[in-house]
Amino acid sequence: MAPYATGRARSIKAKDHERLQKRKRDNVDIEKLEQDVAQLDSKNAEFKNFSSLPLSEPTRAGLKANHFTTLTDIQAKAIPLALKGSDILGAAKTGSGKTLAFLIPVLENLYRAQCVGSDAGLGAMIISPTRELAIQIFEVLRSIGGKGHLFAAGLIIGGKSLEVERQALTRMNIVVCTPGRILQHLSQTALFNVDGLKMLVLDEADRILDMGFQRDVDAIIEYLPPERQTLLFSATQTKRVSDLARLSLQDPEYVSVHEAAATATPKGLQQNYTITSLPDKLDTLWSFIQASKKSKILVFLSSGKQVRFVYESFRHMQPGIPLLHLHGRQKQTARLNITSKFSTAKTSCLFATDVVARGLDFPAVDWVVQVDCPEDADTYIHRVGRTARYERDGRAVLLLDPSEEEGMLKRLEQKKVPIERINVRAKKQQSIKNQLQNMCFKDPQLKYLGQKAFISYVRSIYLQKDKEIFNLEKLPLEEFASSLGLPGAPRIKFIKGEDVKARKNAPRQNFSSSDDEDDSDATSATNGKSKTTKQEVRTKYDRMFERQNQDVLAPHYARVRDEGPIVQEVDEDNLDSLNGSLDDDDDLMTVKRRIPVEGEPEGESGEPEASGKRLVTISGAKNPILIDSKHREKLLKSKKKLLKFKEKGTKLIFDDEGEAHPIYELEDEEAFRKKGAAEEQRRRFLESETERVRMVDVEDKEFAKAKRREKKEKKRERERREADTKAPDDVHGGVAVDGDDGTALDNFLQDAQVSDDSEGHESSDSDRPPYPKPKKWFQVDAKDGSNKRRKGFGPGMHEEPETLEDLEALAEGLLGKK
Ligand SMILES: Nc1ncnc2c1ncn2[C@@H]1O[C@H](COP(=O)(O)OP(=O)(O)OP(=O)(O)O)[C@@H](O)[C@H]1O
């Protein structure tokens with residue numbers, strides 16, 4: 001098989017010769033194969049191994065090279081039917097080998113029909129809902145078909161220039177594609193002829209046939225010949241007659257190998273859920289990751305914004321496991337890079353949207369964690385299906401807000417999903433709320449991401465159809481915003497009655513001209529519509545999110561943030577009168593706009609007026625400030641200047657790690673209850689506090705003693721220095737006078753003091769002087785009136801001089817001594 005995705009090394013001439021030889025040999029082979037297939041009892045016979053099927057040599061060689069010998073259930077049932085040309089609706093659990101169940105018939109049926117070479121035209125079209133899945137299917141096709149088949153196969157998924165794709169497309173026999181891109185070629189590439197198409201395959205058929213792709217798929221079908229074989233595969237197969245009619249299936253065979261199974265999910269998959277209120281979900285996720293650093297984890301969130309926020313914030317906190325993130329707005333090269341990194345990683349945590357929920361075959365995923373509740377049970381089944389694939393084990397955990405529990409469990413039960421509740425160990429649960437608040441405070445970009453994550457989450461809930469599960473009113477949104485590190489919940493407005501499901505499921509190519517938009521720049525957000533259109537109609541909301549400096553926020557944003565309820569529904573009729581679109585770039589989102597405040601002057605909107613003057617709100621300032629020149633605006637960005645406009649802040653306490661905390665923090669009630677009875681907790685608290693106080697007391701005493709000692713030491717030192725500089729008799733005791741260095745005395749005092757202290761007696765300078773008070777040379781001993789020296793001053797010591805003459809005599813004597 002010649003894939004257009006790779007270069008060819010050999011010369012065209014040599015290849016043509018090889019093909020000719022092969023075709024001659026194949027002709028003999030084909031006749032035999034046709035007979036075998038005709039005799040195949042596709043309905044009753046049981047097939048165990050690939051060797052028991054009538055397959056061509058190149059296919060056998062490909063299977064052998066990939067060590068595929070035994071058929072899986074779905075392969076055993078579907079392949080024989082498909083070889084005989086039936087239309088098929090194939091349903092089997094995730095990871096059960098559906099890809100080969102349609103690829104082998106594609107190769108074989110085209111082989112037998114000799115639909116090979118550029119003259120033969122396009123023989124088979126395989127459609128996948130995502131690029132990643134299309135690439136994976138193409139890779140399997142190459143690995144199986146690459147051992148001798150001569151088909152020209154290619155990938156048409158966008159991300160390359162239309163011209164390059166166009167040229168390759170006209171020579172392809174098999175194309176693996178996404179709906180939007182192939183439709184573009186069908187309508188724009190004149191030489192792309194599909195009249196000879198023999199097979200159409202829809203992988204993840206229910207997804208391709210649902211409302212998101214409806215328009216594209218219907219248009220594609222219009223171009224295809226009605227006389228063709230159609231194969232539909234999915235783990236959650238559609239059986240809707242209307243869908244089948246749209247595809248003009250002819251007497252389709254419904255092959256559902258696990259329909260009678262007790263569960264809809266793989267045997268080796270252990271599934272649990274835990275009740276975690278929305279504001280605690282990131283704490284639980286962080287704690288989970290901390291406890292599973294040696295695992296390969298796939299984490300699902302409901303929008304690209306959340307993926308980015310969680311990835312960026314967790315990355316800053318250095319979780320000790322390589323983090324990756326994937327969502328539909330990344331560049332194709334980045335997406336490929338990430339999927340291949342995650343595929344080869346032994347330990348890693350990938351945060352992703354539902355772009356990887358279906359079909360992707362990441363090897364050896366240990367955990368699938370669903371932080372946001374999936375939109376329905378089918379999405380749940382596909383998400384958890386990324387682990388426990390083909391006879392392997394795996395685990396999945398779903399975090400449910402209390403408001404989602406009842407509704408979601410009901411849906412899962414209806415779909416035969418076995419799931420058990422588990423609780424998070426209170427001991428292992430860590431809180432990252434303060435860290436997130438701290439990070440958002442320091443990093444405006446992260447705060448913007450947090451705001452966008454909040455908005456996209458709230459919108460995704462609003463857009464959900466299943467109101468038994470998703471109820472915005474029951475969610476603690478203010479606390480949720482705070483758990484993302486935001487100072488307040490942004491205000492959001494929705495249009496009543498929009499067809500939200502269609503919008504949510506709409507493929508990205510419907511929204512974006514390139515759909516290669518790189519989301520790595522937090523500020524380059526555009527909404528899902530065409531980029532050029534969007535640039536023409538830029539709104540205050542866009543500008544708000546584009547703004548790098550959060551110290552200068554438009555009053556408009558202040559209103560969005562501070563006014564009214566967090567979520568508000570607006571009639572579509574009112575839209576004309578609204579003064580600003582609040583479109584977000586999230587594909588889940590509807591248009592939301594702000595209703596103007598009556599009598600509001602234009603200038604207050606933060607828009608530049610003709611005069612160039614505008615009012616801006618400084619975060620923390622009481623009133624908006626008039627900016628009449630760029631210079632003034634620059635000045636206002638200086639932190640020092642801003643200080644005088646700001647109100648006094650809230651008092652925070654910083655802990656040892658430098659994290660800010662409010663002075664009083666109330667524990668979450670649920671977490672408190674989990675720790676046991678209130679009275680028992682009170683007793684434990686008192687005990688631990690008493691012990692803590694006792695320990696602190698001992699430490700304090702030690703510290704106080706050391707201080708006192710130090711003080712005394714200093715005092716003694718000072719006195720000694722003073723004595724040195726004064727007259728000899730002034731030293732009182734004349735330690736230096738008689739040649740004694742005074743060490744013994746010092747030692748004594750020290751010893752006495754030490755022994756004193758060791759007995760635990762408090763001593764002070766006043767009650768026991770550490771050193772005899774120096775007497776002035778002229779001072780009379782008040783006690784006995786004599787001028788005798790005090791004890792401790794041994795023989796040979798001089799008497800205290802009483803007069804100037806005495807002193808002179810003493811001095812003479814001393815000098816004479818030396
Ligand atoms: N006959 C087989 N023998 C051994 N391994 C197989 C066989 N068929 C498929 N596999 C392996 O099983 C894994 C899952 O296969 P595949 O991706 O086709 O599953 P799937 O049913 O399409 O899953 P999903 O519903 O998630 O798309 C792959 O790694 C594949 O290589």
# chains A, B, ... in the order shown; residues from 1 in each chain; ligands from 1
>>> residues_near_ligand(ligand="ligand 1", cutoff="10 Å", atoms="only C-alpha atoms and all ligand atoms", output="JSON, numbers by chain")
{"A": [48, 49, 50, 63, 66, 67, 68, 69, 70, 71, 72, 73, 74, 75, 76, 90, 91, 92, 93, 94, 95, 96, 97, 98, 99, 100, 101, 102, 103, 133, 136, 137, 140, 203, 204, 233, 234, 235, 236, 356, 357, 358, 359, 360, 361, 362, 363, 364, 381, 382, 383, 384, 385, 386, 387, 388, 389, 390, 391, 392]}
>>> write_last_selection(atoms="C-alpha atoms", output="tab-separated table (two decimals), in the first residue's frame")
chain	number	residue	atom	x	y	z
A	48	LYS	CA	-11.91	-18.23	15.72
A	49	ASN	CA	-8.77	-17.31	13.83
A	50	PHE	CA	-7.94	-15.05	10.95
A	63	LEU	CA	-1.99	-9.50	10.31
A	66	ASN	CA	1.24	-7.39	13.77
A	67	HIS	CA	0.77	-10.65	15.70
A	68	PHE	CA	-3.00	-10.75	15.20
A	69	THR	CA	-4.08	-14.39	15.13
A	70	THR	CA	-7.32	-14.76	17.11
A	71	LEU	CA	-10.45	-12.90	16.15
A	72	THR	CA	-12.30	-10.83	18.72
A	73	ASP	CA	-16.07	-11.36	18.97
A	74	ILE	CA	-16.98	-8.38	16.86
A	75	GLN	CA	-14.39	-9.33	14.23
A	76	ALA	CA	-15.63	-12.91	14.11
A	90	GLY	CA	-21.63	-2.99	14.33
A	91	ALA	CA	-21.78	-2.49	18.07
A	92	ALA	CA	-19.26	-3.78	20.60
A	93	LYS	CA	-17.69	-2.57	23.81
A	94	THR	CA	-14.83	-0.12	23.77
A	95	GLY	CA	-11.43	-1.64	23.08
A	96	SER	CA	-12.89	-4.78	21.52
A	97	GLY	CA	-11.23	-4.47	18.10
A	98	LYS	CA	-13.82	-2.73	15.94
A	99	THR	CA	-11.12	-1.01	13.85
A	100	LEU	CA	-9.94	-4.26	12.28
A	101	ALA	CA	-13.57	-5.35	11.94
A	102	PHE	CA	-14.03	-2.71	9.25
A	103	LEU	CA	-10.48	-2.31	7.92
A	133	LEU	CA	-8.95	9.03	15.57
A	136	GLN	CA	-5.00	6.26	14.37
A	137	ILE	CA	-7.21	4.43	11.86
A	140	VAL	CA	-3.67	0.67	11.61
A	203	ASP	CA	-16.39	4.88	12.78
A	204	GLU	CA	-18.07	6.21	15.94
A	233	PHE	CA	-19.37	0.96	13.97
A	234	SER	CA	-19.53	2.26	17.51
A	235	ALA	CA	-19.52	1.12	21.12
A	236	THR	CA	-22.81	2.97	21.48
A	356	VAL	CA	-9.97	12.07	23.01
A	357	ALA	CA	-13.07	10.44	24.48
A	358	ARG	CA	-13.78	8.23	21.48
A	359	GLY	CA	-11.78	5.59	19.75
A	360	LEU	CA	-8.26	6.53	20.80
A	361	ASP	CA	-6.17	3.55	21.74
A	362	PHE	CA	-3.62	4.92	24.22
A	363	PRO	CA	-1.67	1.95	25.51
A	364	ALA	CA	-1.84	0.99	29.18
A	381	ILE	CA	-18.90	4.81	28.27
A	382	HIS	CA	-16.53	6.16	25.63
A	383	ARG	CA	-14.46	8.13	28.14
A	384	VAL	CA	-13.91	5.21	30.49
A	385	GLY	CA	-13.23	3.05	27.45
A	386	ARG	CA	-9.81	4.68	27.12
A	387	THR	CA	-8.65	2.21	29.75
A	388	ALA	CA	-9.16	-1.54	30.15
A	389	ARG	CA	-8.75	-2.10	26.42
A	390	TYR	CA	-8.42	-5.48	24.78
A	391	GLU	CA	-8.21	-7.80	27.78
A	392	ARG	CA	-6.34	-5.35	29.98
>>> select_by_dssp(residues="range 366-436 of chain A", states="helix (DSSP H, G or I)", output="list in words")
Ala377, Asp378, Thr379, Tyr380, Ile381, His382, Arg383, Val384, Pro402, Ser403, Glu404, Glu405, Glu406, Gly407, Met408, Leu409, Lys410, Arg411, Leu412, Glu413, Gln414, Lys433, Asn434, Gln435 and Leu436 of chain A
>>> residues_around(residues="Val299 in chain A", least_positions_apart="2", cutoff="6 Å", atoms="only C-alpha atoms", output="JSON, numbers by chain")
{"A": [350, 351, 368, 369, 370]}
>>> write_last_selection(atoms="C-alpha atoms", output="short mmCIF file (atom, residue, chain, number, x, y, z; two decimals), in the first residue's frame")
data_model
loop_
_atom_site.label_atom_id
_atom_site.label_comp_id
_atom_site.auth_asym_id
_atom_site.auth_seq_id
_atom_site.Cartn_x
_atom_site.Cartn_y
_atom_site.Cartn_z
CA LEU A 350 -3.19 14.10 30.42
CA PHE A 351 -5.93 16.71 30.91
CA VAL A 368 -9.62 7.60 33.67
CA VAL A 369 -10.77 10.44 35.91
CA GLN A 370 -13.88 12.39 34.96
#
>>> residues_around(residues="Gly123 in chain A", least_positions_apart="3", cutoff="6 Å", atoms="only C-alpha atoms", output="number ranges by chain")
A: 173-174, 197-198
>>> write_last_selection(atoms="N, CA and C atoms", output="mmCIF file, in the first residue's frame")
data_model
loop_
_atom_site.group_PDB
_atom_site.id
_atom_site.type_symbol
_atom_site.label_atom_id
_atom_site.label_comp_id
_atom_site.auth_asym_id
_atom_site.auth_seq_id
_atom_site.Cartn_x
_atom_site.Cartn_y
_atom_site.Cartn_z
ATOM 1 N N ASN A 173 -7.117 5.467 -3.394
ATOM 2 C CA ASN A 173 -8.101 4.373 -3.435
ATOM 3 C C ASN A 173 -8.853 4.289 -2.112
ATOM 4 N N ILE A 174 -8.153 4.643 -1.042
ATOM 5 C CA ILE A 174 -8.801 4.626 0.284
ATOM 6 C C ILE A 174 -8.499 5.968 0.955
ATOM 7 N N LEU A 197 -17.114 4.909 -5.821
ATOM 8 C CA LEU A 197 -16.947 4.530 -4.410
ATOM 9 C C LEU A 197 -17.712 3.245 -4.091
ATOM 10 N N LYS A 198 -17.011 2.311 -3.484
ATOM 11 C CA LYS A 198 -17.637 1.020 -3.176
ATOM 12 C C LYS A 198 -18.012 0.883 -1.714
#
>>> atom_distance(atom1="CA of Gly304 in chain A", atom2="CA of Arg329 in chain A")
7.4 Å
>>> residues_around(residues="range 659-670 of chain A", least_positions_apart="5", cutoff="12 Å", atoms="only C-alpha atoms", output="PyMOL selection string")
chain A and resi 275-277+279-280+402+426+431-442+479+485+649-654+675-676+678
>>> write_last_selection(atoms="C-alpha atoms", output="compact mmCIF listing (two decimals), in the first residue's frame")
# COMPACT_ATOMS: atom_id res chain seq x y z
CA ILE A 275 -19.38 12.69 45.70
CA THR A 276 -17.34 15.87 45.62
CA SER A 277 -19.02 19.22 45.57
CA PRO A 279 -15.84 23.75 44.57
CA ASP A 280 -13.89 20.77 45.94
CA PRO A 402 -24.26 16.07 44.99
CA ALA A 426 -10.10 12.62 54.52
CA SER A 431 -6.72 21.71 49.67
CA ILE A 432 -5.16 23.81 46.93
CA LYS A 433 -7.67 26.65 47.13
CA ASN A 434 -5.28 29.04 48.83
CA GLN A 435 -2.51 28.20 46.42
CA LEU A 436 -4.81 28.83 43.47
CA GLN A 437 -5.95 32.13 44.95
CA ASN A 438 -2.38 33.11 45.52
CA MET A 439 -1.36 32.18 41.99
CA CYS A 440 -4.30 33.97 40.39
CA PHE A 441 -3.51 37.00 42.50
CA LYS A 442 0.08 37.06 41.30
CA GLU A 479 -17.71 29.05 45.88
CA GLY A 485 -8.74 31.30 42.74
CA GLY A 649 -7.12 45.95 51.29
CA THR A 650 -8.33 42.97 53.23
CA LYS A 651 -6.07 41.78 55.99
CA LEU A 652 -4.46 38.46 55.17
CA ILE A 653 -2.16 36.22 57.09
CA PHE A 654 0.76 34.57 55.33
CA LYS A 675 -14.10 13.85 60.61
CA GLY A 676 -16.53 12.50 63.22
CA ALA A 678 -18.65 17.35 66.91
>>> residues_around(residues="Leu232 in chain A", least_positions_apart="3", cutoff="10 Å", atoms="only C-alpha atoms", output="list in words")
Asp87, Ile88, Leu89, Gly90, Ala91, Phe102, Ile126, Ile127, Leu200, Val201, Leu202, Asp203, Glu204, Ala205, Asp206, Ile208, Gln237, Thr238, Leu244, Leu247, Leu249, Pro252 and Tyr254 of chain A
>>> write_last_selection(atoms="C-alpha atoms", output="PDB file, in the first residue's frame")
ATOM      1  CA  ASP A  87     -24.310  -3.298   5.118  1.00  0.00           C
ATOM      2  CA  ILE A  88     -23.456  -3.516   8.791  1.00  0.00           C
ATOM      3  CA  LEU A  89     -24.388  -1.800  12.004  1.00  0.00           C
ATOM      4  CA  GLY A  90     -21.629  -2.992  14.329  1.00  0.00           C
ATOM      5  CA  ALA A  91     -21.783  -2.487  18.074  1.00  0.00           C
ATOM      6  CA  PHE A 102     -14.028  -2.713   9.252  1.00  0.00           C
ATOM      7  CA  ILE A 126     -13.633   6.003   6.137  1.00  0.00           C
ATOM      8  CA  ILE A 127     -15.013   8.856   8.185  1.00  0.00           C
ATOM      9  CA  LEU A 200     -18.410   3.957   3.115  1.00  0.00           C
ATOM     10  CA  VAL A 201     -17.357   3.421   6.736  1.00  0.00           C
ATOM     11  CA  LEU A 202     -18.444   5.535   9.667  1.00  0.00           C
ATOM     12  CA  ASP A 203     -16.390   4.884  12.777  1.00  0.00           C
ATOM     13  CA  GLU A 204     -18.069   6.208  15.942  1.00  0.00           C
ATOM     14  CA  ALA A 205     -21.172   6.255  13.759  1.00  0.00           C
ATOM     15  CA  ASP A 206     -23.569   7.535  16.426  1.00  0.00           C
ATOM     16  CA  ILE A 208     -21.036  11.254  13.238  1.00  0.00           C
ATOM     17  CA  GLN A 237     -24.479   2.229  18.191  1.00  0.00           C
ATOM     18  CA  THR A 238     -27.343   4.174  16.729  1.00  0.00           C
ATOM     19  CA  LEU A 244     -30.313   4.571   8.727  1.00  0.00           C
ATOM     20  CA  LEU A 247     -27.527   6.679   4.821  1.00  0.00           C
ATOM     21  CA  LEU A 249     -28.642   1.334   4.145  1.00  0.00           C
ATOM     22  CA  PRO A 252     -28.379  -3.817   7.247  1.00  0.00           C
ATOM     23  CA  TYR A 254     -27.157  -5.535  13.125  1.00  0.00           C
TER      24      TYR A 254
END
